[in-house]
file entry-v6.cif (mmCIF, C-alpha atoms)
data_model
#
loop_
_atom_site.group_PDB
_atom_site.id
_atom_site.type_symbol
_atom_site.label_atom_id
_atom_site.label_comp_id
_atom_site.auth_asym_id
_atom_site.auth_seq_id
_atom_site.Cartn_x
_atom_site.Cartn_y
_atom_site.Cartn_z
ATOM 1 C CA MET B 8 -65.254 -1.434 123.751
ATOM 2 C CA SER B 9 -63.170 -4.639 123.856
ATOM 3 C CA GLY B 10 -66.273 -6.669 124.671
ATOM 4 C CA THR B 11 -68.207 -5.432 121.631
ATOM 5 C CA PRO B 12 -66.381 -7.533 118.988
ATOM 6 C CA ARG B 13 -66.806 -10.572 121.204
ATOM 7 C CA LEU B 14 -70.529 -9.939 121.506
ATOM 8 C CA ARG B 15 -70.781 -9.556 117.730
ATOM 9 C CA LEU B 16 -68.890 -12.824 117.217
ATOM 10 C CA ALA B 17 -71.141 -14.625 119.700
ATOM 11 C CA ALA B 18 -74.228 -13.275 117.951
ATOM 12 C CA ALA B 19 -72.884 -14.367 114.556
ATOM 13 C CA LEU B 20 -72.108 -17.867 115.846
ATOM 14 C CA THR B 21 -75.575 -18.146 117.397
ATOM 15 C CA ALA B 22 -77.192 -17.080 114.112
ATOM 16 C CA ALA B 23 -75.089 -19.603 112.166
ATOM 17 C CA ALA B 24 -76.049 -22.398 114.555
ATOM 18 C CA ALA B 25 -79.723 -21.470 114.258
ATOM 19 C CA ALA B 26 -79.499 -21.493 110.482
ATOM 20 C CA LEU B 27 -77.874 -24.932 110.534
ATOM 21 C CA THR B 28 -80.586 -26.267 112.817
ATOM 22 C CA LEU B 29 -83.323 -24.927 110.543
ATOM 23 C CA ALA B 30 -81.608 -26.378 107.489
ATOM 24 C CA GLY B 31 -81.377 -29.713 109.240
ATOM 25 C CA CYS B 32 -85.056 -29.724 110.106
ATOM 26 C CA SER B 33 -86.302 -29.115 106.579
ATOM 27 C CA SER B 34 -88.205 -31.051 103.970
ATOM 28 C CA ALA B 35 -85.689 -30.512 101.180
ATOM 29 C CA GLY B 36 -85.375 -33.626 99.058
ATOM 30 C CA ALA B 37 -82.478 -35.289 97.341
ATOM 31 C CA GLY B 38 -81.809 -34.504 93.706
ATOM 32 C CA SER B 39 -83.435 -36.533 90.936
ATOM 33 C CA SER B 40 -80.142 -38.253 90.041
ATOM 34 C CA GLY B 41 -79.852 -39.404 93.649
ATOM 35 C CA ASP B 42 -83.427 -40.639 93.564
ATOM 36 C CA ALA B 43 -82.690 -42.784 90.521
ATOM 37 C CA GLN B 44 -79.509 -44.117 92.072
ATOM 38 C CA ALA B 45 -81.429 -45.265 95.146
ATOM 39 C CA GLY B 46 -84.287 -46.680 93.047
ATOM 40 C CA PHE B 47 -86.910 -44.187 94.185
ATOM 41 C CA VAL B 48 -89.551 -42.646 91.958
ATOM 42 C CA THR B 49 -90.821 -39.273 93.140
ATOM 43 C CA GLY B 50 -94.428 -39.515 94.225
ATOM 44 C CA ASN B 51 -97.214 -37.158 95.186
ATOM 45 C CA GLY B 52 -97.254 -35.444 98.545
ATOM 46 C CA GLY B 53 -93.570 -35.982 99.263
ATOM 47 C CA ILE B 54 -93.752 -39.784 99.479
ATOM 48 C CA ASP B 55 -91.408 -41.620 97.125
ATOM 49 C CA THR B 56 -91.475 -45.342 96.342
ATOM 50 C CA ALA B 57 -89.243 -47.943 94.719
ATOM 51 C CA ALA B 58 -90.536 -50.913 92.726
ATOM 52 C CA PRO B 59 -89.289 -54.266 94.093
ATOM 53 C CA ALA B 60 -86.881 -54.804 91.181
ATOM 54 C CA SER B 61 -85.341 -51.338 91.687
ATOM 55 C CA ARG B 62 -84.907 -51.397 95.451
ATOM 56 C CA THR B 63 -81.559 -50.861 97.146
ATOM 57 C CA ALA B 64 -80.491 -52.841 100.207
ATOM 58 C CA ALA B 65 -80.660 -50.964 103.490
ATOM 59 C CA PRO B 66 -77.330 -50.623 105.308
ATOM 60 C CA ALA B 67 -76.363 -52.578 108.399
ATOM 61 C CA ILE B 68 -77.276 -49.897 110.910
ATOM 62 C CA GLY B 69 -77.048 -50.534 114.630
ATOM 63 C CA GLY B 70 -75.847 -49.183 117.940
ATOM 64 C CA ASN B 71 -77.149 -48.641 121.429
ATOM 65 C CA ASP B 72 -80.674 -47.525 122.178
ATOM 66 C CA LEU B 73 -81.454 -44.628 124.498
ATOM 67 C CA GLU B 74 -81.026 -46.939 127.506
ATOM 68 C CA GLY B 75 -77.639 -48.193 126.316
ATOM 69 C CA LYS B 76 -78.871 -51.571 125.059
ATOM 70 C CA PRO B 77 -77.675 -52.854 121.665
ATOM 71 C CA VAL B 78 -80.182 -52.714 118.808
ATOM 72 C CA ALA B 79 -79.732 -53.238 115.071
ATOM 73 C CA LEU B 80 -81.762 -53.461 111.889
ATOM 74 C CA LYS B 81 -80.648 -57.094 111.502
ATOM 75 C CA ASP B 82 -82.554 -57.923 114.714
ATOM 76 C CA TYR B 83 -85.756 -57.608 112.661
ATOM 77 C CA ALA B 84 -84.762 -59.699 109.635
ATOM 78 C CA GLY B 85 -87.831 -60.908 107.722
ATOM 79 C CA LYS B 86 -90.006 -58.079 109.035
ATOM 80 C CA ILE B 87 -91.057 -54.822 107.460
ATOM 81 C CA VAL B 88 -89.137 -52.125 109.326
ATOM 82 C CA VAL B 89 -90.139 -48.479 109.489
ATOM 83 C CA ILE B 90 -87.075 -46.347 110.233
ATOM 84 C CA ASN B 91 -87.753 -42.836 111.497
ATOM 85 C CA ILE B 92 -84.863 -40.374 111.787
ATOM 86 C CA TRP B 93 -85.624 -37.726 114.378
ATOM 87 C CA GLY B 94 -84.285 -35.255 116.936
ATOM 88 C CA SER B 95 -85.881 -33.818 120.059
ATOM 89 C CA TRP B 96 -84.934 -30.337 118.772
ATOM 90 C CA CYS B 97 -87.010 -30.763 115.580
ATOM 91 C CA SER B 98 -90.536 -29.285 115.505
ATOM 92 C CA PRO B 99 -91.886 -31.557 112.697
ATOM 93 C CA CYS B 100 -90.552 -34.549 114.666
ATOM 94 C CA ARG B 101 -92.593 -33.493 117.663
ATOM 95 C CA ALA B 102 -95.660 -32.983 115.466
ATOM 96 C CA GLU B 103 -95.519 -36.480 113.953
ATOM 97 C CA ALA B 104 -94.416 -38.453 117.029
ATOM 98 C CA LYS B 105 -97.802 -39.532 118.422
ATOM 99 C CA GLY B 106 -98.986 -40.522 114.956
ATOM 100 C CA LEU B 107 -95.918 -42.735 114.521
ATOM 101 C CA GLU B 108 -96.683 -44.509 117.784
ATOM 102 C CA GLN B 109 -100.333 -44.884 116.734
ATOM 103 C CA ILE B 110 -99.378 -46.623 113.480
ATOM 104 C CA TYR B 111 -96.725 -48.713 115.249
ATOM 105 C CA GLU B 112 -99.380 -50.033 117.619
ATOM 106 C CA LYS B 113 -101.684 -50.735 114.680
ATOM 107 C CA TYR B 114 -99.165 -52.893 112.802
ATOM 108 C CA GLN B 115 -96.830 -54.373 115.408
ATOM 109 C CA GLY B 116 -98.720 -57.679 115.457
ATOM 110 C CA GLN B 117 -98.520 -57.974 111.658
ATOM 111 C CA GLY B 118 -94.785 -58.375 111.176
ATOM 112 C CA VAL B 119 -93.999 -54.645 111.167
ATOM 113 C CA GLN B 120 -91.347 -53.151 113.444
ATOM 114 C CA PHE B 121 -90.485 -49.496 114.008
ATOM 115 C CA LEU B 122 -86.925 -48.352 114.697
ATOM 116 C CA GLY B 123 -85.934 -44.761 115.356
ATOM 117 C CA ILE B 124 -82.574 -43.136 114.783
ATOM 118 C CA ASN B 125 -82.104 -40.200 117.127
ATOM 119 C CA THR B 126 -79.666 -37.659 115.724
ATOM 120 C CA ARG B 127 -77.960 -34.460 116.876
ATOM 121 C CA ASP B 128 -79.123 -34.770 120.468
ATOM 122 C CA THR B 129 -75.833 -34.327 122.320
ATOM 123 C CA ASP B 130 -77.523 -35.207 125.622
ATOM 124 C CA VAL B 131 -79.401 -38.503 125.607
ATOM 125 C CA THR B 132 -81.675 -37.132 128.351
ATOM 126 C CA ASN B 133 -83.337 -34.825 125.813
ATOM 127 C CA ALA B 134 -84.104 -37.806 123.569
ATOM 128 C CA GLU B 135 -85.436 -39.825 126.518
ATOM 129 C CA GLN B 136 -87.713 -36.968 127.567
ATOM 130 C CA PHE B 137 -88.993 -36.660 123.995
ATOM 131 C CA GLU B 138 -89.950 -40.346 123.878
ATOM 132 C CA SER B 139 -91.534 -40.221 127.316
ATOM 133 C CA SER B 140 -93.618 -37.114 126.612
ATOM 134 C CA HIS B 141 -94.864 -38.502 123.274
ATOM 135 C CA GLY B 142 -95.480 -42.057 124.488
ATOM 136 C CA ILE B 143 -92.995 -43.677 122.088
ATOM 137 C CA SER B 144 -92.597 -47.381 122.886
ATOM 138 C CA TYR B 145 -90.427 -48.633 119.998
ATOM 139 C CA PRO B 146 -86.609 -48.454 120.237
ATOM 140 C CA SER B 147 -84.345 -45.776 118.805
ATOM 141 C CA ILE B 148 -80.644 -45.946 118.059
ATOM 142 C CA TYR B 149 -78.817 -43.090 119.761
ATOM 143 C CA ASP B 150 -76.758 -41.564 116.938
ATOM 144 C CA PRO B 151 -75.812 -38.009 117.976
ATOM 145 C CA ASP B 152 -73.098 -37.576 115.331
ATOM 146 C CA GLY B 153 -75.052 -39.112 112.428
ATOM 147 C CA THR B 154 -72.735 -42.107 111.953
ATOM 148 C CA GLN B 155 -75.598 -44.520 111.274
ATOM 149 C CA ILE B 156 -77.420 -42.095 108.968
ATOM 150 C CA LEU B 157 -74.311 -41.736 106.803
ATOM 151 C CA LYS B 158 -74.292 -45.497 106.198
ATOM 152 C CA PHE B 159 -77.304 -45.160 103.901
ATOM 153 C CA PRO B 160 -76.363 -45.227 100.213
ATOM 154 C CA LYS B 161 -75.926 -42.004 98.280
ATOM 155 C CA GLY B 162 -79.267 -40.712 97.050
ATOM 156 C CA ALA B 163 -81.321 -42.647 99.618
ATOM 157 C CA PHE B 164 -82.298 -39.348 101.225
ATOM 158 C CA ASN B 165 -80.865 -36.006 102.274
ATOM 159 C CA PRO B 166 -79.092 -36.475 105.647
ATOM 160 C CA GLN B 167 -79.933 -32.852 106.486
ATOM 161 C CA SER B 168 -83.667 -33.487 106.042
ATOM 162 C CA ILE B 169 -85.087 -34.315 109.458
ATOM 163 C CA PRO B 170 -87.476 -36.010 110.021
ATOM 164 C CA THR B 171 -87.115 -38.708 107.397
ATOM 165 C CA THR B 172 -88.987 -42.008 107.358
ATOM 166 C CA VAL B 173 -87.895 -45.035 105.327
ATOM 167 C CA VAL B 174 -89.876 -48.275 104.950
ATOM 168 C CA ILE B 175 -87.697 -51.393 104.604
ATOM 169 C CA ASP B 176 -89.316 -54.446 103.005
ATOM 170 C CA ARG B 177 -89.092 -58.049 104.246
ATOM 171 C CA GLN B 178 -85.975 -58.606 102.122
ATOM 172 C CA GLY B 179 -84.167 -55.699 103.768
ATOM 173 C CA ARG B 180 -84.575 -53.275 100.853
ATOM 174 C CA MET B 181 -85.706 -49.650 100.888
ATOM 175 C CA ALA B 182 -89.263 -49.556 99.543
ATOM 176 C CA ALA B 183 -90.562 -46.076 100.417
ATOM 177 C CA ARG B 184 -89.368 -42.836 101.948
ATOM 178 C CA ALA B 185 -90.638 -39.450 103.061
ATOM 179 C CA MET B 186 -88.325 -36.564 103.889
ATOM 180 C CA LYS B 187 -90.884 -34.626 105.908
ATOM 181 C CA GLY B 188 -93.133 -34.954 108.924
ATOM 182 C CA LEU B 189 -95.933 -37.449 108.313
ATOM 183 C CA THR B 190 -99.566 -37.729 109.292
ATOM 184 C CA PRO B 191 -100.757 -41.174 110.445
ATOM 185 C CA GLU B 192 -102.642 -41.519 107.144
ATOM 186 C CA GLU B 193 -99.517 -40.796 105.094
ATOM 187 C CA LEU B 194 -97.445 -43.280 107.062
ATOM 188 C CA ASP B 195 -100.198 -45.877 106.695
ATOM 189 C CA SER B 196 -100.132 -45.353 102.922
ATOM 190 C CA MET B 197 -96.390 -46.119 102.892
ATOM 191 C CA ILE B 198 -96.721 -49.365 104.845
ATOM 192 C CA THR B 199 -99.846 -51.018 103.404
ATOM 193 C CA PRO B 200 -98.503 -51.659 99.854
ATOM 194 C CA VAL B 201 -95.328 -53.243 101.251
ATOM 195 C CA LEU B 202 -97.338 -55.311 103.699
ATOM 196 C CA ALA B 203 -99.485 -56.576 100.815
ATOM 197 C CA GLU B 204 -96.461 -57.882 98.909
ATOM 198 C CA GLN B 205 -95.898 -61.625 98.817
ATOM 199 C CA LYS B 206 -93.662 -62.931 101.565
#

call {"tool": "encode", "arguments": {"input": "entry-v6.cif", "output": "structure tokens"}}
result
Amino acid sequence: MSGTPRLRLAAALTAAAAALTLAGCSSAGAGSSGDAQAGFVTGNGGIDTAAPASRTAAPAIGGNDLEGKPVALKDYAGKIVVINIWGSWCSPCRAEAKGLEQIYEKYQGQGVQFLGINTRDTDVTNAEQFESSHGISYPSIYDPDGTQILKFPKGAFNPQSIPTTVVIDRQGRMAARAMKGLTPEELDSMITPVLAEQK
């Protein structure tokens, strides 16, 4: 009988952890007041944009990549940077991964860089296996505790919404975001208007 309460507690903790994981892998957006604070205007299909005059500067994120080498947003100053926040545990992240690599390959010779932020993977091996199995060739910051994600200004996006993709313009400002898994066509539609802007 003494083991029964322990089993119930273990089951409750497992259920709570599962609920947290599901909440963290959702497409829930930030509130409208947060959108305005970050300069974003809600768009169709879950893709939000900010006009150049309303854009907020991206934070100085950086850290080590999955191989332990330093990487930072500032390394790509003057380029358009597509930041994708992902975790190997996240089903929508797995679904969009090959499309992200496809669009990265399409634009990498045009002044566009991709940079991932891997979150909530307590073992870097899981993140490495994810990138290997999906053919990801651009770097990702290893950020298991979300330190880099929390540097983004309030209202930029919901930190619990994974995956999230943010397009940073050539001046280092947040120009577009999507708090959901993206198709290659959707991601392309986020990049092309920023690429067309005057340098």

call {"tool": "atom_distance", "arguments": {"input": "entry-v6.cif", "atom1": "CA of Asp72 in chain B", "atom2": "CA of Ile198 in chain B"}}
result
23.7 Å

call {"tool": "closest_residue", "arguments": {"input": "entry-v6.cif", "among": "B:Gln120, B:Gln167, B:Ser61, B:Ser140", "to": "Ala84 in chain B", "atoms": "all atoms listed in the file"}}
result
B:Gln120

call {"tool": "resolve_selection", "arguments": {"input": "entry-v6.cif", "expression": "the PyMOL selection byres ((chain B and resi 194) around 12)", "output": "JSON, numbers by chain"}}
result
{"B": [52, 53, 54, 55, 89, 90, 91, 103, 104, 105, 106, 107, 108, 109, 110, 111, 113, 114, 121, 171, 172, 173, 174, 183, 184, 185, 186, 187, 188, 189, 190, 191, 192, 193, 195, 196, 197, 198, 199, 200, 201]}

call {"tool": "resolve_selection", "arguments": {"input": "entry-v6.cif", "expression": "the PyMOL selection byres ((chain B and resi 150) around 9)", "output": "PyMOL selection string"}}
result
chain B and resi 70-72+124-128+147-149+151-156

call {"tool": "closest_residue", "arguments": {"input": "entry-v6.cif", "among": "B:Phe164, B:Tyr83, B:Phe137, B:Phe159", "to": "Ile68 in chain B", "atoms": "all atoms listed in the file"}}
result
B:Phe159

call {"tool": "atom_distance", "arguments": {"input": "entry-v6.cif", "atom1": "CA of Lys81 in chain B", "atom2": "CA of Trp96 in chain B"}}
result
28.1 Å

call {"tool": "atom_distance", "arguments": {"input": "entry-v6.cif", "atom1": "CA of Ala134 in chain B", "atom2": "CA of Val88 in chain B"}}
result
20.8 Å

call {"tool": "closest_residue", "arguments": {"input": "entry-v6.cif", "among": "B:Cys97, B:Thr63, B:Thr129, B:Asn51", "to": "Gly162 in chain B", "atoms": "only C-alpha atoms"}}
result
B:Thr63

call {"tool": "residues_near_point", "arguments": {"input": "entry-v6.cif", "point": "(-95.4, -57.5, 108.7)", "cutoff": "8 Å", "atoms": "all atoms listed in the file", "output": "PyMOL selection string"}}
result
chain B and resi 86-87+114-120+177+202

call {"tool": "closest_residue", "arguments": {"input": "entry-v6.cif", "among": "B:Ala163, B:Ile169, B:Ala203, B:Ile92", "to": "Thr56 in chain B", "atoms": "only C-alpha atoms"}}
result
B:Ala163

call {"tool": "closest_residue", "arguments": {"input": "entry-v6.cif", "among": "B:Cys100, B:Ala65, B:Ala60, B:Val48", "to": "Arg180 in chain B", "atoms": "only C-alpha atoms"}}
result
B:Ala65

call {"tool": "axis_aligned_box", "arguments": {"input": "entry-v6.cif", "around": "range 132-135 of chain B", "padding_each_side": "4 Å", "output": "AutoDock Vina command-line options"}}
result
--center_x -83.6 --center_y -37.3 --center_z 126.0 --size_x 11.8 --size_y 13.0 --size_z 12.8

call {"tool": "build_atoms", "arguments": {"input": "entry-v6.cif", "residues": "range 180-191 of chain B", "atoms": "all heavy atoms", "output": "short mmCIF file (atom, residue, chain, number, x, y, z; two decimals), keeping the file's coordinate frame"}}
result
data_model
loop_
_atom_site.label_atom_id
_atom_site.label_comp_id
_atom_site.auth_asym_id
_atom_site.auth_seq_id
_atom_site.Cartn_x
_atom_site.Cartn_y
_atom_site.Cartn_z
N ARG B 180 -84.79 -54.30 101.87
CA ARG B 180 -84.58 -53.28 100.85
C ARG B 180 -85.45 -52.05 101.11
O ARG B 180 -86.55 -52.17 101.65
CB ARG B 180 -84.89 -53.84 99.47
CG ARG B 180 -84.10 -55.11 99.13
CD ARG B 180 -84.66 -55.77 97.88
NE ARG B 180 -86.07 -56.13 98.03
CZ ARG B 180 -86.81 -56.70 97.08
NH1 ARG B 180 -86.27 -56.99 95.90
NH2 ARG B 180 -88.09 -56.99 97.30
N MET B 181 -84.96 -50.90 100.68
CA MET B 181 -85.71 -49.65 100.89
C MET B 181 -86.85 -49.54 99.89
O MET B 181 -86.62 -49.49 98.68
CB MET B 181 -84.76 -48.46 100.77
CG MET B 181 -83.70 -48.44 101.85
SD MET B 181 -82.59 -47.02 101.74
CE MET B 181 -81.70 -47.41 100.24
N ALA B 182 -88.08 -49.52 100.40
CA ALA B 182 -89.26 -49.56 99.54
C ALA B 182 -89.97 -48.21 99.42
O ALA B 182 -90.63 -47.94 98.41
CB ALA B 182 -90.24 -50.60 100.08
N ALA B 183 -89.88 -47.37 100.43
CA ALA B 183 -90.56 -46.08 100.42
C ALA B 183 -89.84 -45.12 101.35
O ALA B 183 -89.18 -45.55 102.30
CB ALA B 183 -92.03 -46.23 100.83
N ARG B 184 -89.99 -43.84 101.07
CA ARG B 184 -89.37 -42.84 101.95
C ARG B 184 -90.19 -41.56 101.92
O ARG B 184 -90.91 -41.26 100.96
CB ARG B 184 -87.95 -42.51 101.49
CG ARG B 184 -87.93 -41.73 100.19
CD ARG B 184 -86.61 -41.11 99.87
NE ARG B 184 -86.76 -40.35 98.62
CZ ARG B 184 -85.79 -40.12 97.77
NH1 ARG B 184 -84.58 -40.60 97.98
NH2 ARG B 184 -86.02 -39.41 96.67
N ALA B 185 -90.05 -40.79 102.99
CA ALA B 185 -90.64 -39.45 103.06
C ALA B 185 -89.67 -38.58 103.84
O ALA B 185 -89.30 -38.92 104.96
CB ALA B 185 -91.99 -39.49 103.74
N MET B 186 -89.25 -37.48 103.24
CA MET B 186 -88.32 -36.56 103.89
C MET B 186 -89.09 -35.36 104.42
O MET B 186 -88.87 -34.22 104.04
CB MET B 186 -87.22 -36.16 102.91
CG MET B 186 -86.34 -37.34 102.54
SD MET B 186 -84.99 -36.93 101.40
CE MET B 186 -85.89 -36.79 99.85
N LYS B 187 -90.04 -35.66 105.31
CA LYS B 187 -90.88 -34.63 105.91
C LYS B 187 -91.61 -35.26 107.09
O LYS B 187 -91.58 -36.47 107.28
CB LYS B 187 -91.91 -34.14 104.88
CG LYS B 187 -92.89 -35.24 104.46
CD LYS B 187 -94.03 -34.68 103.60
CE LYS B 187 -95.16 -35.68 103.46
NZ LYS B 187 -96.37 -35.08 102.90
N GLY B 188 -92.28 -34.43 107.88
CA GLY B 188 -93.13 -34.95 108.92
C GLY B 188 -94.36 -35.60 108.30
O GLY B 188 -94.87 -35.10 107.29
N LEU B 189 -94.83 -36.69 108.89
CA LEU B 189 -95.93 -37.45 108.31
C LEU B 189 -97.16 -37.43 109.21
O LEU B 189 -97.06 -37.44 110.43
CB LEU B 189 -95.51 -38.92 108.11
CG LEU B 189 -94.43 -39.19 107.07
CD1 LEU B 189 -93.94 -40.62 107.20
CD2 LEU B 189 -94.96 -38.92 105.67
N THR B 190 -98.33 -37.47 108.57
CA THR B 190 -99.57 -37.73 109.29
C THR B 190 -99.71 -39.24 109.43
O THR B 190 -99.08 -40.01 108.68
CB THR B 190 -100.78 -37.18 108.53
OG1 THR B 190 -100.92 -37.91 107.30
CG2 THR B 190 -100.63 -35.69 108.24
N PRO B 191 -100.54 -39.73 110.35
CA PRO B 191 -100.76 -41.17 110.44
C PRO B 191 -101.25 -41.77 109.13
O PRO B 191 -100.85 -42.87 108.75
CB PRO B 191 -101.81 -41.29 111.54
CG PRO B 191 -101.62 -40.09 112.39
CD PRO B 191 -101.22 -39.00 111.44
#
